[in-house]
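Student: Here it is: the structure, laid out below.
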Amino acid sequence: MPRAFLRSKVGTKLYDVMIVGGGGAGLTAALYASRAKLETLLFEKLIPGGQIATTDLVENYPGFVDGILGPEIAQKMEAQAKRYGTQFAYEAAAGIKQTGTVFEVQTAEGVYAGRTVILAMGASYRTLGVPKEKELTGKGVSYCATCDGAFFKEKEVIVVGGGDSALQEGIFLTRFASRVTVVHRRDKLRASVILQERANANPKISFIWDTIIDKIEGNNRVEAVLLKNVKTARTETLRTDGVFVFIGHDPNTELVRGFLDLDAKGYVLADELLQTSIPGVFAAGEVRKGSTRQLITACGEGCEAALAAQKYLEN
Ligand code: NAP
């Protein structure tokens with residue numbers, strides 16, 4: 001569908017539901033809103049899928065006994081929403097405002113108007129904030145094992161973090177790397193037991209506890225990291241070919257800062273019906289304070305937000 005068809009000048013086309021973000025939450029909201037015959041527009045600045053688009057295998061989405069590839073389920077969700085009439089604007093939402101009962105979303109291509117908005121922008125990976133991290137990103141520093149893992153065949157890599165992402169992606173990296181060292185700042189993992197068991201059983205994976213990365217070293221390519229034990233303050237240089245960082249996420253809420261209520265960390269505050277501080281604006285998925293940050297719950301919240309938007313429109 002040509003983009004020009006999607007563009008609406010304020011006053012000429014009014015969508016029922018505008019969804020910002022095409023991860024699991026946004027795509028499910030789109031599916032439900034479209035199936036309710038609501039005129040639905042979804043903004044996605046990259047490729048649909050959000051975090052699952054860069055996840056190797058999704059193993060905990062019910063119904064897929066052997067798991068399903070992240071990009072595959074993302075594409076299926078997008079196709080399913082389109083099948084029922086969701087229109088996609090592959091553009092970044094850069095501004096949002098309210099005029100009376102109408103919301104306007106601004107992108108580089110134009111202004112779109114709608115009667116409700118579902119915020120589903122998700123969250124983005126955190127960076128370490130240490131010297132040379134930025135400079136060596138793409139040159140050995142990575143935040144996506146699915147994207148970059150294959151560049152590390154028979155190489156030694158470090159994974160930073162102790163959560164599900166660190167272990168899941170660390171295990172994935174053992175397909176390529178000869179050795180994966182997980183560096184965690186505590187002596188206890190946050191990751192689920194099943195992933196801990198799998199990582200412990202993997203002969204290519206080892207752990208360095210109570211340790212942070214103080215500095216990444218290398219000229220034009222990662223060559224080593226300077227590790228610091230947080231209990232003893234002892235430092236040590238470890239040679240490595242790559243540093244994969246999985247230390248959590250921050251919410252993508254720049255768009256709505258100052259527009260509606262956020263918590264101190266920037267997550268959108270919403271009530272049990274997923275309505276934000278502005279009637280007609282709903283939040284679903286990881287962008288929302290209190291989200292359990294799982295694909296299945298993001299999808300569930302997307303569904304709930306679409307139903308809440310429908311009810312709001314009926315009233
Ligand atoms: P997370 O659960 O927030 O874990 C982040 C990890 O990074 C923690 O171990 C944390 O240490 C560490 N960390 C945070 N800031 C750090 C820093 N500045 N320096 C060093 N270490 C730092 O994030 P996640 O692993 O990305 O997971 C996010 C959500 O997605 C979770 O709810 C998770 O369950 C879900 N998820 C699920 C799956 C799955 O079910 N298979 C896969 C991926 C993600 P502390 O432990 O000391 O806080």
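Convention: chains lettered A, B, ... in structure tokens order; per-chain residue numbering from 1; ligands numbered from 1 as shown.
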To test your reading of the structure, identify every residue in range 68-195 of chain A that backbone DSSP assigns to alpha helix (DSSP H), and report it as a PyMOL selection string.

Tutor: chain A and resi 70-83+145-148+164-173+193-195

Student: Can you build me a table of range 71-177 of chain A residues sitting at most 7 Å from range 198-221 of chain A, with the closest atom pair per residue and its distance in Å to one decimal, using only C-alpha atoms, sorted by chain and residue number, as CSV?

Tutor:
residue,atom,partner,partner_atom,distance
A:Val130,CA,A:Lys215,CA,5.5
A:Pro131,CA,A:Lys215,CA,5.3
A:Lys132,CA,A:Ile216,CA,5.6
A:Glu133,CA,A:Ile216,CA,6.3
A:Leu136,CA,A:Arg221,CA,6.2
A:Lys139,CA,A:Arg221,CA,4.9
A:Gly140,CA,A:Arg221,CA,5.9
A:Leu167,CA,A:Ala199,CA,6.6
A:Ile171,CA,A:Ala199,CA,6.3
A:Thr174,CA,A:Lys204,CA,6.4

Student: Listing only residues of chain A within 7 Å of ligand 1, what is the closest atom pair and its distance in Å (to one decimal) for each, using only C-alpha atoms and all ligand atoms, sorted by chain and residue number ascending, as CSV?

Tutor:
residue,atom,partner,partner_atom_place_in_ligand_line,distance
A:Val58,CA,ligand 1,41 (N),6.9
A:Glu59,CA,ligand 1,41 (N),6.7
A:Asn60,CA,ligand 1,40 (O),6.3
A:Leu128,CA,ligand 1,18 (N),5.5
A:Val160,CA,ligand 1,21 (N),6.3
A:Gly161,CA,ligand 1,7 (O),3.9
A:Gly162,CA,ligand 1,9 (O),3.3
A:Gly163,CA,ligand 1,25 (O),3.5
A:Asp164,CA,ligand 1,25 (O),4.1
A:Ser165,CA,ligand 1,25 (O),3.7
A:Ala166,CA,ligand 1,25 (O),5.6
A:Gln168,CA,ligand 1,42 (C),6.0
A:His184,CA,ligand 1,21 (N),6.0
A:Arg185,CA,ligand 1,21 (N),5.4
A:Arg186,CA,ligand 1,47 (O),5.4
A:Leu189,CA,ligand 1,46 (O),6.0
A:Arg190,CA,ligand 1,46 (O),4.9
A:Ala191,CA,ligand 1,2 (O),6.7
A:Ile212,CA,ligand 1,20 (C),5.8
A:Phe246,CA,ligand 1,26 (O),5.6
A:Ile247,CA,ligand 1,7 (O),3.2
A:Gly248,CA,ligand 1,23 (O),3.5
A:His249,CA,ligand 1,26 (O),6.2
A:Thr292,CA,ligand 1,32 (O),5.8
A:Arg293,CA,ligand 1,32 (O),4.6
A:Gln294,CA,ligand 1,35 (C),5.5

Student: Excluding Ala93 in chain A and residues on its chain fewer than 2 positions from it, collect all residues at most 9 Å away from it, counting only C-alpha atoms, and give them as a ChimeraX atom specification.

Tutor: /A:20-21,43-45,91,95-96,105-108,255
